[in-house]
$ cat work-v4.cif   # mmCIF, C-alpha atoms
data_target
loop_
_atom_site.label_atom_id
_atom_site.label_comp_id
_atom_site.auth_asym_id
_atom_site.auth_seq_id
_atom_site.Cartn_x
_atom_site.Cartn_y
_atom_site.Cartn_z
CA MET A 244 262.48 26.66 349.48
CA ALA A 245 261.28 23.33 348.05
CA TRP A 246 262.98 21.82 344.99
CA PHE A 247 261.16 19.61 342.52
CA LYS A 248 262.67 17.22 340.04
CA ARG A 249 260.86 15.70 336.99
CA ASP A 250 260.91 11.93 337.28
CA LYS A 251 259.30 11.29 333.80
CA GLN A 252 260.32 12.46 330.37
CA GLY A 253 258.14 15.26 328.98
CA ILE A 254 256.43 15.56 325.58
CA THR A 255 258.71 14.09 322.94
CA THR A 256 256.70 14.83 319.74
CA SER A 257 258.76 16.89 317.32
CA THR A 258 257.19 20.22 316.39
CA GLU A 259 258.73 19.86 312.94
CA GLU A 260 256.79 16.69 312.11
CA LYS A 261 254.23 17.26 309.34
CA LEU A 262 250.99 15.43 308.74
CA GLU A 263 250.72 13.84 305.32
CA VAL A 264 247.51 14.87 303.51
CA PRO A 265 246.53 12.66 300.56
CA ASP A 266 246.49 14.34 297.14
CA GLY A 267 243.11 15.53 295.96
CA VAL A 268 241.54 16.13 299.39
CA TRP A 269 241.79 19.93 299.13
CA TRP A 270 241.36 22.34 296.22
CA GLN A 271 242.69 25.90 296.06
CA CYS A 272 240.98 28.42 293.80
CA SER A 273 243.45 29.91 291.33
CA SER A 274 241.46 33.16 291.35
CA CYS A 275 240.74 34.07 294.99
CA LYS A 276 243.13 31.48 296.57
CA LYS A 277 240.41 30.12 298.88
CA THR A 278 240.99 26.49 299.90
CA ILE A 279 238.03 24.16 300.23
CA PRO A 280 237.51 20.37 300.41
CA THR A 281 237.45 18.85 296.93
CA GLY A 282 234.16 17.18 297.80
CA ASP A 283 232.57 20.60 298.33
CA LEU A 284 233.94 21.75 294.97
CA ILE A 285 232.38 18.77 293.18
CA GLU A 286 229.09 19.35 294.95
CA ASN A 287 229.16 22.96 293.72
CA LYS A 288 229.67 21.86 290.08
CA TYR A 289 233.40 22.67 290.19
CA VAL A 290 232.70 26.35 290.87
CA CYS A 291 234.41 28.30 293.67
CA PRO A 292 231.75 29.25 296.27
CA GLN A 293 233.76 32.33 297.22
CA CYS A 294 234.33 34.10 293.87
CA ASN A 295 232.32 32.01 291.33
CA TYR A 296 235.49 31.00 289.46
CA HIS A 297 234.64 28.15 287.08
CA ALA A 298 237.41 25.57 287.32
CA ARG A 299 238.46 23.79 284.15
CA ILE A 300 236.78 20.41 283.80
CA ASN A 301 236.57 17.83 281.05
CA SER A 302 233.95 15.68 279.35
CA ASN A 303 233.36 13.19 282.17
CA GLU A 304 232.55 16.02 284.61
CA TYR A 305 230.34 17.91 282.13
CA PHE A 306 228.43 14.75 281.24
CA ASN A 307 227.70 14.17 284.94
CA ILE A 308 226.43 17.75 285.23
CA ILE A 309 224.16 17.99 282.18
CA TYR A 310 222.89 14.46 281.53
CA ASP A 311 220.23 12.58 283.46
CA GLU A 312 221.80 9.90 285.64
CA GLY A 313 222.67 6.74 283.73
CA SER A 314 221.47 8.06 280.36
CA VAL A 315 224.76 9.01 278.66
CA LYS A 316 226.51 6.75 276.16
CA LYS A 317 229.92 7.59 274.68
CA LEU A 318 230.27 7.37 270.91
CA PHE A 319 233.17 6.84 268.47
CA GLU A 320 235.70 5.93 271.15
CA ASP A 321 237.35 3.55 268.67
CA LEU A 322 238.69 6.55 266.72
CA GLU A 323 242.10 7.46 268.15
CA PRO A 324 244.82 9.86 266.95
CA LYS A 325 247.86 8.62 265.03
CA ASP A 326 251.20 10.12 264.00
CA PHE A 327 250.74 10.32 260.23
CA LEU A 328 253.74 12.59 259.67
CA GLY A 329 256.35 11.14 262.02
CA PHE A 330 256.44 14.57 263.66
CA VAL A 331 259.13 15.41 266.22
CA ASP A 332 259.54 18.58 268.29
CA LEU A 333 260.79 18.25 271.88
CA LYS A 334 259.74 14.62 271.61
CA PRO A 335 258.13 12.42 268.93
CA TYR A 336 254.39 13.04 268.55
CA LYS A 337 253.85 9.27 268.82
CA ASP A 338 255.45 9.27 272.28
CA ARG A 339 253.51 12.38 273.32
CA LEU A 340 250.23 10.65 272.46
CA ALA A 341 251.18 7.50 274.38
CA GLU A 342 252.26 9.47 277.48
CA THR A 343 249.11 11.60 277.44
CA LYS A 344 246.82 8.57 277.24
CA LYS A 345 248.53 7.09 280.30
CA LYS A 346 248.08 10.29 282.35
CA VAL A 347 244.46 11.18 281.54
CA ASN A 348 241.18 9.29 281.53
CA VAL A 349 240.08 10.25 277.99
CA SER A 350 241.13 8.91 274.59
CA GLU A 351 241.28 12.22 272.67
CA ALA A 352 240.88 15.97 273.07
CA LEU A 353 237.16 15.61 272.35
CA THR A 354 234.63 13.11 273.67
CA VAL A 355 231.17 12.53 272.18
CA GLY A 356 228.24 11.55 274.38
CA SER A 357 224.57 10.93 273.69
CA GLY A 358 221.93 10.97 276.40
CA LYS A 359 218.99 12.82 277.93
CA VAL A 360 218.85 16.25 279.54
CA ASN A 361 215.74 16.39 281.73
CA GLY A 362 214.25 13.81 279.39
CA HIS A 363 215.29 15.59 276.16
CA LYS A 364 217.72 13.83 273.82
CA LEU A 365 221.02 15.60 273.16
CA VAL A 366 224.37 14.78 271.58
CA THR A 367 227.36 16.55 273.15
CA CYS A 368 230.89 16.96 271.79
CA CYS A 369 232.99 18.06 274.76
CA MET A 370 236.65 19.06 274.54
CA ASN A 371 239.20 17.79 277.07
CA PHE A 372 241.86 20.40 277.89
CA ASN A 373 244.03 17.85 279.69
CA PHE A 374 244.66 16.07 276.36
CA ILE A 375 247.42 18.14 274.70
CA GLY A 376 245.72 21.43 275.58
CA GLY A 377 242.41 20.44 274.01
CA SER A 378 244.06 20.83 270.62
CA MET A 379 242.06 20.12 267.47
CA GLY A 380 243.51 17.22 265.50
CA SER A 381 242.11 15.05 262.71
CA VAL A 382 240.29 12.72 265.12
CA VAL A 383 238.64 15.68 266.89
CA GLY A 384 237.26 16.83 263.53
CA GLU A 385 236.19 13.33 262.56
CA ARG A 386 234.39 12.74 265.87
CA ILE A 387 232.49 16.01 265.43
CA SER A 388 231.61 15.05 261.85
CA ARG A 389 230.31 11.64 262.89
CA ALA A 390 228.39 13.21 265.78
CA ILE A 391 226.66 15.49 263.27
CA ASP A 392 225.78 12.51 261.05
CA TYR A 393 224.41 10.76 264.14
CA CYS A 394 222.28 13.82 265.00
CA ILE A 395 220.88 13.99 261.47
CA GLN A 396 220.08 10.27 261.50
CA LYS A 397 218.41 10.38 264.93
CA LYS A 398 217.05 13.97 264.65
CA TYR A 399 218.83 15.07 267.83
CA PRO A 400 220.14 18.56 268.65
CA LEU A 401 223.90 19.08 269.02
CA LEU A 402 225.90 20.74 271.80
CA VAL A 403 229.64 21.44 271.47
CA ILE A 404 231.53 22.44 274.62
CA SER A 405 234.77 24.12 273.54
CA LYS A 406 237.91 24.36 275.67
CA SER A 407 241.00 24.51 273.51
CA GLY A 408 244.32 26.11 272.73
CA GLY A 409 243.58 25.78 269.01
CA ALA A 410 244.78 23.55 266.19
CA ARG A 411 247.20 20.67 266.88
CA MET A 412 250.34 21.73 265.07
CA MET A 413 251.87 18.25 265.33
CA GLU A 414 249.38 17.23 262.62
CA SER A 415 250.07 20.24 260.39
CA ALA A 416 247.58 20.55 257.49
CA PHE A 417 245.61 17.53 258.73
CA SER A 418 244.70 19.63 261.76
CA LEU A 419 244.00 22.89 259.93
CA MET A 420 241.63 21.17 257.48
CA GLN A 421 239.35 20.28 260.40
CA MET A 422 238.25 23.94 260.46
CA ALA A 423 236.75 23.64 256.98
CA LYS A 424 235.52 20.09 257.54
CA THR A 425 233.58 20.81 260.73
CA SER A 426 232.13 24.05 259.33
CA ALA A 427 230.86 22.21 256.25
CA LYS A 428 229.32 19.45 258.36
CA LEU A 429 227.50 22.05 260.49
CA THR A 430 225.93 23.34 257.27
CA GLN A 431 224.42 19.88 256.81
CA LEU A 432 223.03 20.02 260.34
CA ALA A 433 221.46 23.41 259.57
CA LYS A 434 219.89 22.06 256.36
CA ALA A 435 218.36 19.25 258.44
CA LYS A 436 216.84 22.02 260.62
CA LEU A 437 218.45 20.67 263.77
CA PRO A 438 219.76 23.14 266.38
CA TYR A 439 223.42 23.57 267.22
CA ILE A 440 224.29 25.03 270.64
CA SER A 441 227.87 26.19 271.17
CA LEU A 442 229.13 26.54 274.75
CA MET A 443 232.49 28.30 275.04
CA THR A 444 234.50 27.76 278.22
CA ASP A 445 237.90 28.93 279.45
CA PRO A 446 239.91 29.02 277.22
CA THR A 447 238.42 28.86 273.72
CA THR A 448 241.09 30.07 271.31
CA GLY A 449 242.77 29.63 267.94
CA GLY A 450 241.32 27.55 265.13
CA VAL A 451 238.51 26.22 267.32
CA THR A 452 237.17 29.76 267.84
CA ALA A 453 237.66 30.52 264.16
CA SER A 454 235.55 27.51 263.14
CA TYR A 455 232.83 25.59 264.95
CA ALA A 456 232.90 27.39 268.32
CA MET A 457 231.46 30.60 266.84
CA LEU A 458 228.98 28.96 264.45
CA GLY A 459 226.24 28.03 266.90
CA ASP A 460 222.57 28.83 266.38
CA ILE A 461 222.90 29.76 270.04
CA ASN A 462 226.34 30.90 271.25
CA ILE A 463 226.76 30.83 275.02
CA ALA A 464 229.67 30.91 277.46
CA GLU A 465 230.62 30.38 281.07
CA PRO A 466 231.48 33.47 283.16
CA ASN A 467 234.88 35.13 282.59
CA ALA A 468 235.98 32.61 279.95
CA LEU A 469 238.82 33.65 277.64
CA ILE A 470 237.45 33.53 274.08
CA GLY A 471 239.36 34.70 271.02
CA PHE A 472 241.58 33.79 268.09
CA ALA A 473 245.01 35.20 268.94
CA GLY A 474 245.81 35.84 272.61
CA PRO A 475 245.63 39.33 274.16
CA ARG A 476 249.42 39.59 274.47
CA VAL A 477 249.95 38.86 270.76
CA ILE A 478 247.26 41.37 269.74
CA LYS A 479 248.69 44.07 271.99
CA GLU A 480 252.19 43.57 270.59
CA THR A 481 250.81 43.66 267.04
CA ILE A 482 248.66 46.80 267.24
CA LYS A 483 250.93 48.55 269.78
CA LYS A 484 247.94 49.71 271.82
CA ASP A 485 246.48 48.90 275.24
CA LEU A 486 243.42 46.65 275.07
CA PRO A 487 240.07 47.44 276.74
CA LYS A 488 239.50 46.09 280.24
CA GLY A 489 238.13 42.55 280.12
CA PHE A 490 239.02 42.18 276.44
CA GLN A 491 238.20 38.68 275.08
CA ARG A 492 236.33 37.67 278.23
CA SER A 493 232.75 36.36 278.11
CA GLU A 494 231.24 39.55 279.50
CA PHE A 495 233.05 41.70 276.90
CA LEU A 496 231.87 39.45 274.06
CA LEU A 497 228.29 39.49 275.33
CA GLU A 498 228.32 43.28 275.48
CA HIS A 499 229.59 43.45 271.88
CA GLY A 500 227.08 40.99 270.45
CA PHE A 501 229.17 37.84 270.00
CA LEU A 502 227.24 35.80 272.61
CA ASP A 503 223.56 35.21 273.25
CA PHE A 504 223.97 34.76 277.00
CA ILE A 505 226.34 33.73 279.78
CA VAL A 506 225.39 30.77 281.96
CA ASP A 507 226.65 29.69 285.38
CA ARG A 508 227.51 26.01 285.50
CA LYS A 509 224.95 25.33 288.23
CA ASP A 510 222.23 26.61 285.86
CA LEU A 511 223.57 24.90 282.74
CA LYS A 512 221.31 21.85 282.69
CA GLN A 513 218.12 23.89 283.07
CA ARG A 514 219.19 26.50 280.49
CA LEU A 515 219.99 23.73 278.00
CA THR A 516 216.59 22.23 278.68
CA ASP A 517 214.93 25.58 277.97
CA VAL A 518 216.83 26.01 274.69
CA ILE A 519 216.12 22.45 273.52
CA GLU A 520 212.41 22.84 274.29
CA LEU A 521 212.34 26.16 272.41
CA LEU A 522 214.17 24.93 269.30
CA MET A 523 213.00 21.31 269.13
CA HIS A 524 209.29 21.58 269.92
CA LYS A 525 208.40 20.38 266.39
CA ASN A 526 210.84 17.48 266.42
CA GLU A 527 210.35 16.06 269.91
CA LYS A 528 208.91 12.55 269.85
#

$ encode --input "work-v4.cif" --output "structure tokens"
Amino acid sequence: MAWFKRDKQGITTSTEEKLEVPDGVWWQCSSCKKTIPTGDLIENKYVCPQCNYHARINSNEYFNIIYDEGSVKKLFEDLEPKDFLGFVDLKPYKDRLAETKKKVNVSEALTVGSGKVNGHKLVTCCMNFNFIGGSMGSVVGERISRAIDYCIQKKYPLLVISKSGGARMMESAFSLMQMAKTSAKLTQLAKAKLPYISLMTDPTTGGVTASYAMLGDINIAEPNALIGFAGPRVIKETIKKDLPKGFQRSEFLLEHGFLDFIVDRKDLKQRLTDVIELLMHKNEK
């Protein structure tokens, strides 16, 4: 019998060694758990190709989707929130604002942009959920008000994309008064005979739903978006009854007459174009 002896060391790579993958390369759907390259997600308008889940995005992403390339201009960026009340909960509101601004790439929970959608002029107020939960503070209301004045001056239609947890309690009554303020300003837009399109995305709740989000000439929503005033859990605990399946989701609201239609994000630009052409045919220059 022949005997053999290894004269070189074998494979020395540890099986426990892990490859480091940079953050942001992969995205996992929170609905179906499918993992895809982030680049593919962006190419698909931030919608899961497996289950059509619409991921939460903010103003910069929406502007890239709906506006013609290079046409959008941001407005009223000089208006920034302040701590009028010296409010403190787990931390001072002043510190919360400073920390949020460092983490995110927006200056407030709502960004205003003006540009062209397939050649048609449109002003968009888009909420940013990554800025304190898209909460409605005094600057959010003021930016919407100034956007409406801008629309009346230029004779442009208005789109508001809502994504919010509701009023910003750190501003107390200053925040709650934005409900009345924005509703009154939308009356001025209506008197000027300029269309207001409201797009509700996941989630649209609280004082935002109770004010401008539900006041559109055309009310639309993305698929399966949570839309309501109080959350389902609070309602269930209050009325002590089970809620219908799909309660407060886009499809439920459409069925019960609260929405005009539901639009997939990949179709959003064309559907907006159709609505603008329908409502602005007398005003187009």

$ resolve_selection --input "work-v4.cif" --expression "the PyMOL selection byres ((chain A and resi 361) around 10)" --output "MDAnalysis selection string"
chainID A and resid 309:312 358:360 362:364 512:513 515:517

$ residues_near_point --input "work-v4.cif" --point "(233.6, 4.4, 273.2)" --cutoff "10 Å" --atoms "all atoms listed in the file" --output "ChimeraX atom specification"
/A:316-322,349-350,354-356

$ residues_near_point --input "work-v4.cif" --point "(229.1, 27.3, 277.1)" --cutoff "6 Å" --atoms "all atoms listed in the file" --output "PyMOL selection string"
chain A and resi 404+442-444+463-465

$ write_last_selection --input "work-v4.cif" --atoms "C-alpha atoms" --output "PDB file, in the coordinates of the input"
ATOM      1  CA  ILE A 404     231.530  22.440 274.620  1.00  0.00           C
ATOM      2  CA  LEU A 442     229.130  26.540 274.750  1.00  0.00           C
ATOM      3  CA  MET A 443     232.490  28.300 275.040  1.00  0.00           C
ATOM      4  CA  THR A 444     234.500  27.760 278.220  1.00  0.00           C
ATOM      5  CA  ILE A 463     226.760  30.830 275.020  1.00  0.00           C
ATOM      6  CA  ALA A 464     229.670  30.910 277.460  1.00  0.00           C
ATOM      7  CA  GLU A 465     230.620  30.380 281.070  1.00  0.00           C
TER       8      GLU A 465
END

$ atom_distance --input "work-v4.cif" --atom1 "atom CA of Ile478 of chain A" --atom2 "atom CA of Met422 of chain A"
21.7 Å

$ closest_residue --input "work-v4.cif" --among "A:Asp510, A:Ser407, A:Lys398, A:Arg476" --to "Lys434 of chain A" --atoms "only C-alpha atoms"
A:Lys398

$ atom_distance --input "work-v4.cif" --atom1 "atom CA of Ser415 of chain A" --atom2 "atom CA of Leu458 of chain A"
23.2 Å

$ resolve_selection --input "work-v4.cif" --expression "the PyMOL selection byres ((chain A and resi 437-439) around 12)" --output "JSON, numbers by chain"
{"A": [365, 366, 367, 368, 387, 390, 391, 392, 393, 394, 395, 396, 397, 398, 399, 400, 401, 402, 403, 404, 426, 428, 429, 430, 431, 432, 433, 434, 435, 436, 440, 441, 442, 455, 456, 457, 458, 459, 460, 461, 462, 463, 515, 518, 519, 520, 521, 522, 523, 524, 525, 526, 527]}

$ resolve_selection --input "work-v4.cif" --expression "the PyMOL selection byres ((chain A and resi 496) around 12)" --output "NGL selection string"
:A and (443 or 457 or 462-471 or 487-495 or 497-505)

$ write_last_selection --input "work-v4.cif" --atoms "C-alpha atoms" --output "compact mmCIF listing (two decimals), in the coordinates of the input"
# COMPACT_ATOMS: atom_id res chain seq x y z
CA MET A 443 232.49 28.30 275.04
CA MET A 457 231.46 30.60 266.84
CA ASN A 462 226.34 30.90 271.25
CA ILE A 463 226.76 30.83 275.02
CA ALA A 464 229.67 30.91 277.46
CA GLU A 465 230.62 30.38 281.07
CA PRO A 466 231.48 33.47 283.16
CA ASN A 467 234.88 35.13 282.59
CA ALA A 468 235.98 32.61 279.95
CA LEU A 469 238.82 33.65 277.64
CA ILE A 470 237.45 33.53 274.08
CA GLY A 471 239.36 34.70 271.02
CA PRO A 487 240.07 47.44 276.74
CA LYS A 488 239.50 46.09 280.24
CA GLY A 489 238.13 42.55 280.12
CA PHE A 490 239.02 42.18 276.44
CA GLN A 491 238.20 38.68 275.08
CA ARG A 492 236.33 37.67 278.23
CA SER A 493 232.75 36.36 278.11
CA GLU A 494 231.24 39.55 279.50
CA PHE A 495 233.05 41.70 276.90
CA LEU A 497 228.29 39.49 275.33
CA GLU A 498 228.32 43.28 275.48
CA HIS A 499 229.59 43.45 271.88
CA GLY A 500 227.08 40.99 270.45
CA PHE A 501 229.17 37.84 270.00
CA LEU A 502 227.24 35.80 272.61
CA ASP A 503 223.56 35.21 273.25
CA PHE A 504 223.97 34.76 277.00
CA ILE A 505 226.34 33.73 279.78

$ atom_distance --input "work-v4.cif" --atom1 "atom CA of Phe417 of chain A" --atom2 "atom CA of Pro446 of chain A"
22.5 Å

$ residues_around --input "work-v4.cif" --residues "segment 370-374 of chain A" --least-positions-apart "4" --cutoff "12 Å" --atoms "only C-alpha atoms" --output "mmCIF file with C-alpha atoms, keeping the file's coordinate frame"
data_model
loop_
_atom_site.group_PDB
_atom_site.id
_atom_site.type_symbol
_atom_site.label_atom_id
_atom_site.label_comp_id
_atom_site.auth_asym_id
_atom_site.auth_seq_id
_atom_site.Cartn_x
_atom_site.Cartn_y
_atom_site.Cartn_z
ATOM 1 C CA ALA A 298 237.410 25.570 287.320
ATOM 2 C CA ARG A 299 238.460 23.790 284.150
ATOM 3 C CA ILE A 300 236.780 20.410 283.800
ATOM 4 C CA ASN A 301 236.570 17.830 281.050
ATOM 5 C CA SER A 302 233.950 15.680 279.350
ATOM 6 C CA ASN A 303 233.360 13.190 282.170
ATOM 7 C CA GLU A 304 232.550 16.020 284.610
ATOM 8 C CA TYR A 305 230.340 17.910 282.130
ATOM 9 C CA PHE A 306 228.430 14.750 281.240
ATOM 10 C CA PRO A 324 244.820 9.860 266.950
ATOM 11 C CA ARG A 339 253.510 12.380 273.320
ATOM 12 C CA LEU A 340 250.230 10.650 272.460
ATOM 13 C CA ALA A 341 251.180 7.500 274.380
ATOM 14 C CA GLU A 342 252.260 9.470 277.480
ATOM 15 C CA THR A 343 249.110 11.600 277.440
ATOM 16 C CA LYS A 344 246.820 8.570 277.240
ATOM 17 C CA LYS A 345 248.530 7.090 280.300
ATOM 18 C CA LYS A 346 248.080 10.290 282.350
ATOM 19 C CA VAL A 347 244.460 11.180 281.540
ATOM 20 C CA ASN A 348 241.180 9.290 281.530
ATOM 21 C CA VAL A 349 240.080 10.250 277.990
ATOM 22 C CA SER A 350 241.130 8.910 274.590
ATOM 23 C CA GLU A 351 241.280 12.220 272.670
ATOM 24 C CA ALA A 352 240.880 15.970 273.070
ATOM 25 C CA LEU A 353 237.160 15.610 272.350
ATOM 26 C CA THR A 354 234.630 13.110 273.670
ATOM 27 C CA VAL A 355 231.170 12.530 272.180
ATOM 28 C CA GLY A 356 228.240 11.550 274.380
ATOM 29 C CA SER A 378 244.060 20.830 270.620
ATOM 30 C CA MET A 379 242.060 20.120 267.470
ATOM 31 C CA GLY A 380 243.510 17.220 265.500
ATOM 32 C CA VAL A 382 240.290 12.720 265.120
ATOM 33 C CA VAL A 383 238.640 15.680 266.890
ATOM 34 C CA GLY A 384 237.260 16.830 263.530
ATOM 35 C CA ARG A 386 234.390 12.740 265.870
ATOM 36 C CA ILE A 387 232.490 16.010 265.430
ATOM 37 C CA LEU A 402 225.900 20.740 271.800
ATOM 38 C CA VAL A 403 229.640 21.440 271.470
ATOM 39 C CA ILE A 404 231.530 22.440 274.620
ATOM 40 C CA SER A 405 234.770 24.120 273.540
ATOM 41 C CA LYS A 406 237.910 24.360 275.670
ATOM 42 C CA SER A 407 241.000 24.510 273.510
ATOM 43 C CA GLY A 408 244.320 26.110 272.730
ATOM 44 C CA GLY A 409 243.580 25.780 269.010
ATOM 45 C CA ARG A 411 247.200 20.670 266.880
ATOM 46 C CA SER A 441 227.870 26.190 271.170
ATOM 47 C CA LEU A 442 229.130 26.540 274.750
ATOM 48 C CA MET A 443 232.490 28.300 275.040
ATOM 49 C CA THR A 444 234.500 27.760 278.220
ATOM 50 C CA ASP A 445 237.900 28.930 279.450
ATOM 51 C CA PRO A 446 239.910 29.020 277.220
ATOM 52 C CA THR A 447 238.420 28.860 273.720
ATOM 53 C CA THR A 448 241.090 30.070 271.310
ATOM 54 C CA VAL A 451 238.510 26.220 267.320
ATOM 55 C CA ALA A 456 232.900 27.390 268.320
#

$ closest_residue --input "work-v4.cif" --among "A:Asn307, A:Asn295, A:Ser381, A:Asn287" --to "Lys509 of chain A" --atoms "all atoms listed in the file"
A:Asn287

$ closest_residue --input "work-v4.cif" --among "A:Glu385, A:Gln421, A:Arg508, A:Glu480" --to "Glu286 of chain A" --atoms "all atoms listed in the file"
A:Arg508

$ closest_residue --input "work-v4.cif" --among "A:Ala416, A:Ser357, A:Leu328, A:Lys288" --to "Val315 of chain A" --atoms "all atoms listed in the file"
A:Ser357

$ closest_residue --input "work-v4.cif" --among "A:Thr425, A:Asp338, A:Gly376, A:Arg389" --to "Ala410 of chain A" --atoms "all atoms listed in the file"
A:Gly376

$ closest_residue --input "work-v4.cif" --among "A:Lys479, A:Tyr289, A:Gly474, A:His297" --to "Val506 of chain A" --atoms "all atoms listed in the file"
A:His297

$ decode --input "work-v4.cif" --residues "segment 319-330 of chain A" --atoms "N, CA and C atoms" --output "compact mmCIF listing (two decimals), in the first residue's frame"
# COMPACT_ATOMS: atom_id res chain seq x y z
N PHE A 319 -39.35 78.75 -2.16
CA PHE A 319 -39.55 79.06 -0.73
C PHE A 319 -38.65 78.24 0.20
N GLU A 320 -37.47 77.88 -0.27
CA GLU A 320 -36.54 77.11 0.56
C GLU A 320 -35.95 77.95 1.70
N ASP A 321 -36.12 79.27 1.62
CA ASP A 321 -35.60 80.13 2.68
C ASP A 321 -36.47 80.07 3.94
N LEU A 322 -37.69 79.55 3.81
CA LEU A 322 -38.57 79.41 4.97
C LEU A 322 -38.23 78.13 5.71
N GLU A 323 -37.77 78.25 6.96
CA GLU A 323 -37.39 77.07 7.74
C GLU A 323 -38.06 77.11 9.11
N PRO A 324 -38.35 75.95 9.67
CA PRO A 324 -39.05 75.89 10.97
C PRO A 324 -38.20 76.42 12.12
N LYS A 325 -38.89 76.99 13.13
CA LYS A 325 -38.23 77.49 14.33
C LYS A 325 -38.99 77.02 15.57
N ASP A 326 -38.30 77.03 16.69
CA ASP A 326 -38.90 76.62 17.96
C ASP A 326 -39.46 77.85 18.66
N PHE A 327 -40.70 78.22 18.32
CA PHE A 327 -41.32 79.42 18.90
C PHE A 327 -41.63 79.24 20.39
N LEU A 328 -41.90 78.02 20.81
CA LEU A 328 -42.43 77.78 22.15
C LEU A 328 -41.39 77.28 23.15
N GLY A 329 -40.16 77.01 22.68
CA GLY A 329 -39.17 76.40 23.56
C GLY A 329 -39.64 75.04 24.03
N PHE A 330 -40.21 74.26 23.13
CA PHE A 330 -40.86 72.99 23.47
C PHE A 330 -39.83 71.90 23.75
